[in-house]
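Everything on this sheet refers to the single structure shown next.
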Amino acid sequence: MVEITKVYARGQTAIPISIRKKLNIEKDNQLNWTIKDGKMVVEVMKQKSLDDLVGIIELPYETDTVDLKHKSARGLL
């Protein structure tokens, strides 16, 4: 699939809707721009939701969100 867009003042461009839909690019997603072998590579960096983060950290004890917030603020996690 080839899509053509224009680069506007200050380097701005638009991502064609067909590409946004195919890659599920949404508002607030970030794009990681790199150059590899003389070609531009753009990777979509998805925003993580709270549901995506569930289970990443396992604690050896029972806790709740308020306790975690207080410990995090004190640098205890």
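By order of appearance in the structure tokens: chains A, B, ..., then residues from 1 within every chain, and ligands from 1 in the order shown.
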
DSSP-assigned strand (DSSP E) members of chain A, reported as an NGL selection string: :A and (30-36 or 39-45)

Please save C-alpha atoms of the selected residues as a PDB file, in the first residue's frame.
ATOM      1  CA  GLN A  30       3.264   8.788  19.987  1.00  0.00           C
ATOM      2  CA  LEU A  31       5.399   8.085  16.932  1.00  0.00           C
ATOM      3  CA  ASN A  32       9.032   6.970  17.179  1.00  0.00           C
ATOM      4  CA  TRP A  33      10.960   8.278  14.120  1.00  0.00           C
ATOM      5  CA  THR A  34      14.311   6.694  13.187  1.00  0.00           C
ATOM      6  CA  ILE A  35      16.506   6.341  10.112  1.00  0.00           C
ATOM      7  CA  LYS A  36      17.641   2.823   9.209  1.00  0.00           C
ATOM      8  CA  LYS A  39      15.096   4.979   5.107  1.00  0.00           C
ATOM      9  CA  MET A  40      12.731   6.594   7.578  1.00  0.00           C
ATOM     10  CA  VAL A  41      11.070   4.146   9.977  1.00  0.00           C
ATOM     11  CA  VAL A  42       8.052   5.245  12.022  1.00  0.00           C
ATOM     12  CA  GLU A  43       6.826   3.105  14.925  1.00  0.00           C
ATOM     13  CA  VAL A  44       3.560   3.676  16.771  1.00  0.00           C
ATOM     14  CA  MET A  45       3.993   3.918  20.542  1.00  0.00           C
TER      15      MET A  45
END

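Near A:Ala14, within a cut-off of 9 Å and counting only C-alpha atoms, sit the residues A:Thr5, A:Lys6, A:Val7, with same-chain residues fewer than 6 positions away left out.
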
Resulting file, chosen residues, N, CA, C and O atoms, as a PDB file, in the first residue's frame:
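Dumped everything to selection19.pdb:
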ATOM      1  N   THR A   5       1.488  11.869   1.140  1.00  0.00           N
ATOM      2  CA  THR A   5       1.052  13.061   1.874  1.00  0.00           C
ATOM      3  C   THR A   5       2.054  14.167   1.632  1.00  0.00           C
ATOM      4  O   THR A   5       3.147  13.939   1.116  1.00  0.00           O
ATOM      5  N   LYS A   6       1.688  15.349   2.008  1.00  0.00           N
ATOM      6  CA  LYS A   6       2.522  16.531   1.819  1.00  0.00           C
ATOM      7  C   LYS A   6       3.096  16.954   3.168  1.00  0.00           C
ATOM      8  O   LYS A   6       2.457  16.807   4.204  1.00  0.00           O
ATOM      9  N   VAL A   7       4.323  17.477   3.144  1.00  0.00           N
ATOM     10  CA  VAL A   7       4.923  18.052   4.348  1.00  0.00           C
ATOM     11  C   VAL A   7       4.658  19.553   4.309  1.00  0.00           C
ATOM     12  O   VAL A   7       4.979  20.219   3.329  1.00  0.00           O
TER      13      VAL A   7
END

Env of A:Gln47: 10 Å cut, atoms = only C-alpha atoms, seq-sep filter 4 positions within chain, self excluded. Answer as a short mmCIF file (atom, residue, chain, number, x, y, z; two decimals) with C-alpha atoms, in the first residue's frame.
data_model
loop_
_atom_site.label_atom_id
_atom_site.label_comp_id
_atom_site.auth_asym_id
_atom_site.auth_seq_id
_atom_site.Cartn_x
_atom_site.Cartn_y
_atom_site.Cartn_z
CA GLU A 26 -5.38 6.91 17.92
CA LYS A 27 -5.23 10.37 19.47
CA ASP A 28 -2.33 10.75 21.93
CA ASN A 29 -0.35 7.81 20.49
CA GLN A 30 3.26 8.79 19.99
CA ASP A 52 -2.72 -3.00 30.41
#

DSSP alpha helix (DSSP H) residues within chain A, listed as a PyMOL selection string: chain A and resi 17-22+50-53+65-73

Counting only C-alpha atoms, the residue of A:Val2, A:Asp64, A:Ser18, A:Ile25 that sits nearest A:Lys46: A:Ile25

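Nearest to A:Arg20 of all the residues A:Tyr8, A:Glu3, A:Asp51, A:Lys71 is A:Glu3, based on only C-alpha atoms.
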
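Taking atom CA of A:Lys48 as the reference point, atom CA of A:Ile19 is found at 20.6 Å.
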